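Peer 1: Have a look at this one before I ask anything.
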Amino acid sequence: MMQGNWTLAKKRTRLEQRARIVQTIRSFFVGRDFLEVETPHRIPGNAPEAHIDAVQSDDWFLHTSPELCMKRLLAAGYPQLFQLCRCWRAAERGSRHLPEFTMLEWYAAGCDYHTLMEQCESLLATLLPGGNLTYRGQTIDLTPPWERLTVDEAFDRYGSLSLRQALDEDRFDEIISFEIEPRLGIGKPTFLMEYPAELAALARRHPERPHVAERFELYIAGLELANAFSELTDPVEQRGRFVAEEAMRRDTGKPPYPSPEKFLRELEAMPEAAGIALGVDRLVMLITGAETIDEIVAFTPELL
Amino acid sequence: MLTCSDLRKGTKLMIDGEPHVIVQFDFTKPGKGQALYKCKLRNMITGSLFDRTYRSGESFEPAALEERDMQYLYQDETGYVFMDQKSYEQTTLGEEALGDQKYFLVDNMEVKILMFGDRGIGITLPNFVNLRVTMAEPWVKGDTAAGNNKPATVETGYNLQVPSFVEEGTLIQIDTRTGEYVTRVKE
């Protein structure tokens, strides 16, 4: 007698929870007059970024994020957009990473990254009406406002090096990953904000502090959940950033990416806006108490 | 040479002239940042453990080790004894070299023994092994949900989770790579 696949069968509870979470996200945005869109998953080129590698599909690429297409829609006059979709990133596989994962992105015209922080607070309140969540034995209070911490302050508070030293010694990512990240979003979620301008390829510079960008990452229980920007809308500066990212790719022996010319052309028409990408798999991990990303998807690549 | 994308649990590398195996591995990548490969390494000769983090772009020398087909004979006070099926030479592996794999050894099982020079330092088991359940709670009638599980012990003393319908005396198949229950075996 065929018994079926027990590994799949035992995921039932988590998969049911996941489906409910996705439905709630959808109603949250629909209820706030965001238009749900679907943009192509297979595109001629992604935004060039030094450390994000795309999966090739014939002579095109699978998208690493729906960012460029969604911004072209913003530029065409759609003021509030959201999308729930699969994204692909080459060679990313770990206990919190899948090479194919689910992203929630939303964009809103006429606002900046502070608005997005408030929207994150409301979204979590809708998903967890009890006002708190327990993850790996820690209880996290979700009552707004959440902690807002600059990258500079985080290095001073938790890092063995200052931000300046870490950048000079090329150890920024290491200090963030191993010293700072595990201590963020404990007790209350944390918005880690104001990244050095050189670490924010598509974000606008802070008008008063131009050495930092209006970018934040959301952390809950040490888990990085979302990345957000006040969008850069200056096509000249954007082109310069892409060139710099491409140069970094070249220096590390990575293949070049085509420049997204249509996006750059239409960026001129894009209104002031802010946008955010939130990892849905990690959100499901948090809400369902899963230790690894493998537990909240039916199939990992290894099961195929 | 190996690159970071070859690193995973079980990868064997030479570090300072000695073979090392990755026993724990995790990939992490801060938003928009570079990939970091966090490894716990075991020196395959001394058994000592240490942590090391690599970044994309680094390269590694694979460990020059030879695998030989052997058969498991028996356990004695020196360890677990295996015999080369061609030369009849014997090699003994200590408990340390085997770890949890000792629970999946069955008499006369054909395995691959990893040799560093003439010394056996590791083992590759068949992917699946059949073992009899010696202890499990009885099946609660009416519990038919396929995903439900309970603890069980098999004849070698190994503990694992099994579906609720598995009872004492049942022969089950275990995946030796993950240590997890796969299926009931028809006898």
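Each chain in the structure tokens gets a letter, A, B, ..., in the order shown, and its residues are numbered from 1; ligands are numbered from 1 in order too.
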Pick out the residues sitting within 7 Å of region 102-109 of chain B, and hand them over as JSON, numbers by chain; count only C-alpha atoms, and ignore anything fewer than 3 positions along from it in its own chain.
Peer 2: {"B": [71, 72, 73, 74, 98, 99, 129, 156, 157, 158, 176]}
Peer 1: Convert the current residue selection to file output with N, CA, C and O atoms, as a PDB file, in the first residue's frame.
Peer 2:
ATOM      1  N   GLN B  71      33.290  -4.026   4.377  1.00  0.00           N
ATOM      2  CA  GLN B  71      32.133  -4.654   4.975  1.00  0.00           C
ATOM      3  C   GLN B  71      32.255  -4.501   6.482  1.00  0.00           C
ATOM      4  O   GLN B  71      33.349  -4.632   7.031  1.00  0.00           O
ATOM      5  N   TYR B  72      31.137  -4.240   7.155  1.00  0.00           N
ATOM      6  CA  TYR B  72      31.164  -4.116   8.614  1.00  0.00           C
ATOM      7  C   TYR B  72      31.179  -5.517   9.215  1.00  0.00           C
ATOM      8  O   TYR B  72      30.344  -6.354   8.897  1.00  0.00           O
ATOM      9  N   LEU B  73      32.173  -5.778  10.112  1.00  0.00           N
ATOM     10  CA  LEU B  73      32.269  -7.116  10.704  1.00  0.00           C
ATOM     11  C   LEU B  73      31.643  -7.165  12.096  1.00  0.00           C
ATOM     12  O   LEU B  73      30.670  -7.868  12.320  1.00  0.00           O
ATOM     13  N   TYR B  74      32.227  -6.451  13.033  1.00  0.00           N
ATOM     14  CA  TYR B  74      31.749  -6.532  14.416  1.00  0.00           C
ATOM     15  C   TYR B  74      32.294  -5.365  15.224  1.00  0.00           C
ATOM     16  O   TYR B  74      33.168  -4.632  14.757  1.00  0.00           O
ATOM     17  N   LEU B  98      32.584   7.738  14.081  1.00  0.00           N
ATOM     18  CA  LEU B  98      31.283   7.328  13.562  1.00  0.00           C
ATOM     19  C   LEU B  98      30.141   8.247  13.985  1.00  0.00           C
ATOM     20  O   LEU B  98      29.218   8.481  13.218  1.00  0.00           O
ATOM     21  N   GLY B  99      30.203   8.765  15.197  1.00  0.00           N
ATOM     22  CA  GLY B  99      29.099   9.593  15.697  1.00  0.00           C
ATOM     23  C   GLY B  99      27.798   8.801  15.686  1.00  0.00           C
ATOM     24  O   GLY B  99      27.782   7.602  15.966  1.00  0.00           O
ATOM     25  N   VAL B 129      18.574   2.299   5.629  1.00  0.00           N
ATOM     26  CA  VAL B 129      18.802   1.081   6.395  1.00  0.00           C
ATOM     27  C   VAL B 129      17.465   0.665   7.014  1.00  0.00           C
ATOM     28  O   VAL B 129      16.641   1.515   7.375  1.00  0.00           O
ATOM     29  N   THR B 156      19.020  -0.734  17.508  1.00  0.00           N
ATOM     30  CA  THR B 156      20.389  -0.291  17.792  1.00  0.00           C
ATOM     31  C   THR B 156      20.430   0.749  18.909  1.00  0.00           C
ATOM     32  O   THR B 156      21.494   1.271  19.225  1.00  0.00           O
ATOM     33  N   GLY B 157      19.260   1.096  19.462  1.00  0.00           N
ATOM     34  CA  GLY B 157      19.224   2.078  20.540  1.00  0.00           C
ATOM     35  C   GLY B 157      18.970   3.489  20.058  1.00  0.00           C
ATOM     36  O   GLY B 157      18.948   4.428  20.847  1.00  0.00           O
ATOM     37  N   TYR B 158      18.764   3.641  18.767  1.00  0.00           N
ATOM     38  CA  TYR B 158      18.555   4.973  18.182  1.00  0.00           C
ATOM     39  C   TYR B 158      17.103   5.419  18.399  1.00  0.00           C
ATOM     40  O   TYR B 158      16.172   4.631  18.232  1.00  0.00           O
ATOM     41  N   THR B 176      19.755   7.299   6.385  1.00  0.00           N
ATOM     42  CA  THR B 176      20.948   7.435   7.236  1.00  0.00           C
ATOM     43  C   THR B 176      21.559   8.830   7.141  1.00  0.00           C
ATOM     44  O   THR B 176      22.363   9.224   7.976  1.00  0.00           O
TER      45      THR B 176
END
Peer 1: Provide as a list in words the residues of chain A at most 6 Å from chain B, counting only C-alpha atoms.
Peer 2: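 That gives the following set of residues: Ala9, Lys10, His51, Gly94 and Asp173 of chain A.
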Peer 1: Could you name the residues that touch region 68-72 of chain A at 10 Å or less, counting only C-alpha atoms, but leaving out those on the same chain fewer than 5 positions away, as a VMD selection string?
Peer 2: chain A and resid 37 to 41 43 45 to 47 63 77 to 78 80 to 83 105 to 108 231 233 260 262 to 267 269 to 271 273 to 275
Peer 1: Gly120 (chain B): which residues within 12 Å, counting only C-alpha atoms, same-chain residues fewer than 3 positions away excluded, as a VMD selection string?
Peer 2: chain B and resid 44 to 45 65 to 70 79 to 84 89 to 94 97 to 98 112 to 117 123 to 124
Peer 1: DSSP on the backbone: which residues in region 32-248 of chain A end up as strand (DSSP E or B)? Give the answer as a ChimeraX atom specification.
Peer 2: /A:35-36,42-43,56-57,60-62,80-88,94,97,100-109,132-135,138-141,147-150,190-196,203,205,212-220,223-231
Peer 1: Taking the DSSP assignment computed from this structure's backbone, write out as an MDAnalysis selection string all residues of region 94-131 of chain A that belong to alpha helix (DSSP H).
Peer 2: chainID A and resid 113:127
Peer 1: Do you know which residues are at most 12 Å from Gln119 (chain A) counting only C-alpha atoms, after dropping those on the same chain fewer than 2 positions away, and could you put them as a PDB file with C-alpha atoms, in the first residue's frame?
Peer 2:
ATOM      1  CA  ILE A  25      -1.887  40.234   3.975  1.00  0.00           C
ATOM      2  CA  PHE A  28      -4.890  44.273   4.536  1.00  0.00           C
ATOM      3  CA  PHE A  29      -3.636  45.938   1.351  1.00  0.00           C
ATOM      4  CA  ARG A  32      -6.248  50.224   2.122  1.00  0.00           C
ATOM      5  CA  TRP A 106       4.429  47.423  -1.714  1.00  0.00           C
ATOM      6  CA  TYR A 107       4.940  50.961  -3.000  1.00  0.00           C
ATOM      7  CA  ALA A 108       3.156  54.187  -2.187  1.00  0.00           C
ATOM      8  CA  CYS A 111       5.315  59.342   1.205  1.00  0.00           C
ATOM      9  CA  ASP A 112       8.693  58.386   2.644  1.00  0.00           C
ATOM     10  CA  TYR A 113      10.198  55.523   4.662  1.00  0.00           C
ATOM     11  CA  HIS A 114       8.567  56.723   7.903  1.00  0.00           C
ATOM     12  CA  THR A 115       5.147  55.947   6.400  1.00  0.00           C
ATOM     13  CA  LEU A 116       6.357  52.439   5.586  1.00  0.00           C
ATOM     14  CA  MET A 117       7.430  51.914   9.215  1.00  0.00           C
ATOM     15  CA  GLU A 121       3.328  48.250  12.505  1.00  0.00           C
ATOM     16  CA  SER A 122      -0.289  48.103  11.263  1.00  0.00           C
ATOM     17  CA  LEU A 123       0.273  44.994   9.130  1.00  0.00           C
ATOM     18  CA  LEU A 124       1.676  43.030  12.077  1.00  0.00           C
ATOM     19  CA  ALA A 125      -1.171  44.260  14.297  1.00  0.00           C
ATOM     20  CA  THR A 126      -3.611  42.835  11.762  1.00  0.00           C
ATOM     21  CA  PRO A 144       3.551  50.711  18.233  1.00  0.00           C
ATOM     22  CA  PRO A 145       5.757  52.646  18.080  1.00  0.00           C
ATOM     23  CA  TRP A 146       8.531  50.102  17.550  1.00  0.00           C
ATOM     24  CA  LEU A 218      12.973  45.556   9.949  1.00  0.00           C
ATOM     25  CA  ALA A 228      12.648  49.560   2.658  1.00  0.00           C
ATOM     26  CA  ALA A 274       8.596  54.755  -0.822  1.00  0.00           C
ATOM     27  CA  GLY A 275       8.771  51.014  -1.294  1.00  0.00           C
ATOM     28  CA  ILE A 276       9.427  47.919   0.746  1.00  0.00           C
ATOM     29  CA  LEU A 278       9.168  41.849   2.983  1.00  0.00           C
TER      30      LEU A 278
END
Peer 1: Pick out the residues sitting within 10 Å of Leu286 (chain A), and hand them over as number ranges by chain; count only C-alpha atoms, and ignore anything fewer than 3 positions along from it in its own chain.
Peer 2: A: 133-136, 220-221, 223, 225, 280-283, 289-293
